[in-house]
file start30.csv (CSV, C-alpha atoms)
chain,number,residue,atom,x,y,z
M,1,MET,CA,-9.5,-17.3,19.5
M,2,PHE,CA,-7.2,-14.4,20.4
M,3,PRO,CA,-7.5,-10.6,19.9
M,4,VAL,CA,-5.9,-8.8,17.0
M,5,GLU,CA,-6.1,-5.0,17.4
M,6,VAL,CA,-5.8,-2.5,14.5
M,7,PHE,CA,-5.1,1.0,15.6
M,8,GLY,CA,-6.1,4.2,13.7
M,9,THR,CA,-9.0,5.6,11.7
M,10,ASP,CA,-7.7,6.5,8.2
M,11,ARG,CA,-7.8,4.5,5.0
M,12,GLU,CA,-4.6,2.7,5.6
M,13,CYS,CA,-6.0,1.4,8.9
M,14,SER,CA,-9.0,0.1,7.1
M,15,LEU,CA,-6.7,-1.6,4.6
M,16,LEU,CA,-4.8,-3.1,7.5
M,17,ALA,CA,-7.9,-4.5,9.1
M,18,ALA,CA,-8.9,-6.1,5.8
M,19,ALA,CA,-5.4,-7.6,5.4
M,20,VAL,CA,-5.5,-9.0,8.9
M,21,ARG,CA,-8.9,-10.7,8.2
M,22,LYS,CA,-7.6,-12.0,4.9
M,23,ALA,CA,-4.5,-13.5,6.6
M,24,ALA,CA,-6.6,-15.1,9.3
M,25,ASP,CA,-8.9,-16.6,6.7
M,26,PHE,CA,-6.0,-17.8,4.6
M,27,VAL,CA,-4.5,-19.8,7.5
M,28,GLY,CA,-7.8,-20.8,9.0
M,29,ILE,CA,-7.3,-19.1,12.4
M,30,ALA,CA,-10.2,-17.6,14.4
M,31,ILE,CA,-9.4,-14.2,15.7
M,32,LYS,CA,-11.2,-11.4,17.4
M,33,LEU,CA,-10.5,-8.3,15.3
M,34,VAL,CA,-10.8,-5.1,17.3
M,35,ARG,CA,-10.5,-1.6,15.9
M,36,VAL,CA,-8.9,0.9,18.3
M,37,GLU,CA,-9.8,4.3,17.0
M,38,ARG,CA,-9.9,6.7,20.0
M,39,PRO,CA,-6.7,8.7,20.2
M,40,ASP,CA,-6.5,8.3,24.0
M,41,GLN,CA,-6.7,4.5,23.7
M,42,ILE,CA,-4.1,4.5,20.9
M,43,ALA,CA,-1.7,6.5,23.0
M,44,ALA,CA,-2.3,4.4,26.1
M,45,ARG,CA,-1.1,1.4,24.3
M,46,GLY,CA,2.1,3.2,23.3
M,47,VAL,CA,1.3,3.5,19.6
M,48,ALA,CA,3.1,6.5,18.2
M,49,THR,CA,2.0,6.2,14.5
M,50,THR,CA,-0.8,4.5,12.8
M,51,PRO,CA,-1.7,2.2,11.2
M,52,ALA,CA,-0.5,-0.2,13.8
M,53,VAL,CA,-1.3,-3.8,14.7
M,54,ALA,CA,-1.1,-5.8,17.9
M,55,VAL,CA,-1.4,-9.6,17.9
M,56,ASP,CA,-2.5,-11.2,21.2
M,57,GLY,CA,-1.5,-8.0,23.1
M,58,ALA,CA,1.9,-7.4,21.5
M,59,ILE,CA,2.5,-4.5,19.1
M,60,LYS,CA,3.9,-6.0,15.9
M,61,CYS,CA,4.2,-2.9,13.7
M,62,GLN,CA,3.5,0.8,13.5
M,63,GLY,CA,3.3,3.3,10.7
M,64,SER,CA,2.8,0.8,7.8
M,65,VAL,CA,0.7,-2.0,6.5
M,66,PRO,CA,2.7,-5.2,6.9
M,67,SER,CA,3.0,-7.8,4.2
M,68,GLN,CA,0.6,-10.8,4.2
M,69,ALA,CA,3.6,-13.0,4.9
M,70,ASP,CA,4.3,-11.1,8.1
M,71,LEU,CA,0.7,-11.1,9.2
M,72,THR,CA,0.3,-14.9,8.6
M,73,THR,CA,3.5,-15.5,10.5
M,74,TRP,CA,2.4,-13.4,13.5
M,75,LEU,CA,-1.1,-15.0,13.5
M,76,THR,CA,0.2,-18.5,13.2
M,77,THR,CA,2.8,-18.0,16.0
M,78,ALA,CA,0.1,-16.6,18.3
M,79,ALA,CA,-2.3,-19.4,17.5
M,80,LEU,CA,0.3,-22.0,18.5
M,81,LYS,CA,0.2,-20.7,22.1
M,82,TYR,CA,-3.5,-21.7,22.2
M,83,GLU,CA,-3.2,-25.0,20.5
M,84,THR,CA,-4.0,-28.0,22.7
M,85,VAL,CA,-2.6,-31.5,22.2
call {"tool": "encode", "arguments": {"input": "start30.csv", "output": "structure tokens"}}
result
Amino acid sequence: MFPVEVFGTDRECSLLAAAVRKAADFVGIAIKLVRVERPDQIAARGVATTPAVAVDGAIKCQGSVPSQADLTTWLTTAALKYETV
């Protein structure tokens, strides 16, 4: 399990959180979904515009809701780091 952070408080941020959960469920990956809503915490992470998403600590997009294809790719790539043989 790894963290996926969604930054912001508006409707698009809620849509992004739902899209992240849908992508994780689709590919069967366990994530820890974290909403970052405080402006000081958003700014501290270097996020200039919301909605934004970070997967396993890396900011992947800002200012838009990414496609399901992008989300599943980012989640799958991050999950591969934790896969054990």
call {"tool": "residues_around", "arguments": {"input": "start30.csv", "residues": "Ala30 in chain M", "least_positions_apart": "4", "cutoff": "9 Å", "atoms": "only C-alpha atoms", "output": "list in words"}}
result
Met1, Phe2, Ala24, Asp25 and Ala79 of chain M
call {"tool": "atom_distance", "arguments": {"input": "start30.csv", "atom1": "CA of Thr73 in chain M", "atom2": "CA of Gly46 in chain M"}}
result
22.7 Å
call {"tool": "atom_distance", "arguments": {"input": "start30.csv", "atom1": "CA of Pro51 in chain M", "atom2": "CA of Glu83 in chain M"}}
result
28.8 Å
call {"tool": "closest_residue", "arguments": {"input": "start30.csv", "among": "M:Thr50, M:Gln68, M:Gln62, M:Thr77", "to": "Arg38 in chain M", "atoms": "only C-alpha atoms"}}
result
M:Thr50
call {"tool": "residues_around", "arguments": {"input": "start30.csv", "residues": "Ala78 in chain M", "least_positions_apart": "3", "cutoff": "12 Å", "atoms": "all atoms listed in the file", "output": "NGL selection string"}}
result
:M and (1-4 or 24 or 29-31 or 54-58 or 60 or 71-75 or 81-83)
call {"tool": "atom_distance", "arguments": {"input": "start30.csv", "atom1": "CA of Cys13 in chain M", "atom2": "CA of Leu80 in chain M"}}
result
26.1 Å
call {"tool": "closest_residue", "arguments": {"input": "start30.csv", "among": "M:Arg21, M:Phe26, M:Ala52, M:Lys32", "to": "Phe7 in chain M", "atoms": "all atoms listed in the file"}}
result
M:Ala52
call {"tool": "closest_residue", "arguments": {"input": "start30.csv", "among": "M:Ala48, M:Asp70, M:Glu37, M:Ala43", "to": "Ser14 in chain M", "atoms": "only C-alpha atoms"}}
result
M:Glu37
call {"tool": "residues_around", "arguments": {"input": "start30.csv", "residues": "Val53 in chain M", "least_positions_apart": "4", "cutoff": "6 Å", "atoms": "only C-alpha atoms", "output": "list in words"}}
result
Glu5, Val6, Ile59, Lys60 and Cys61 of chain M
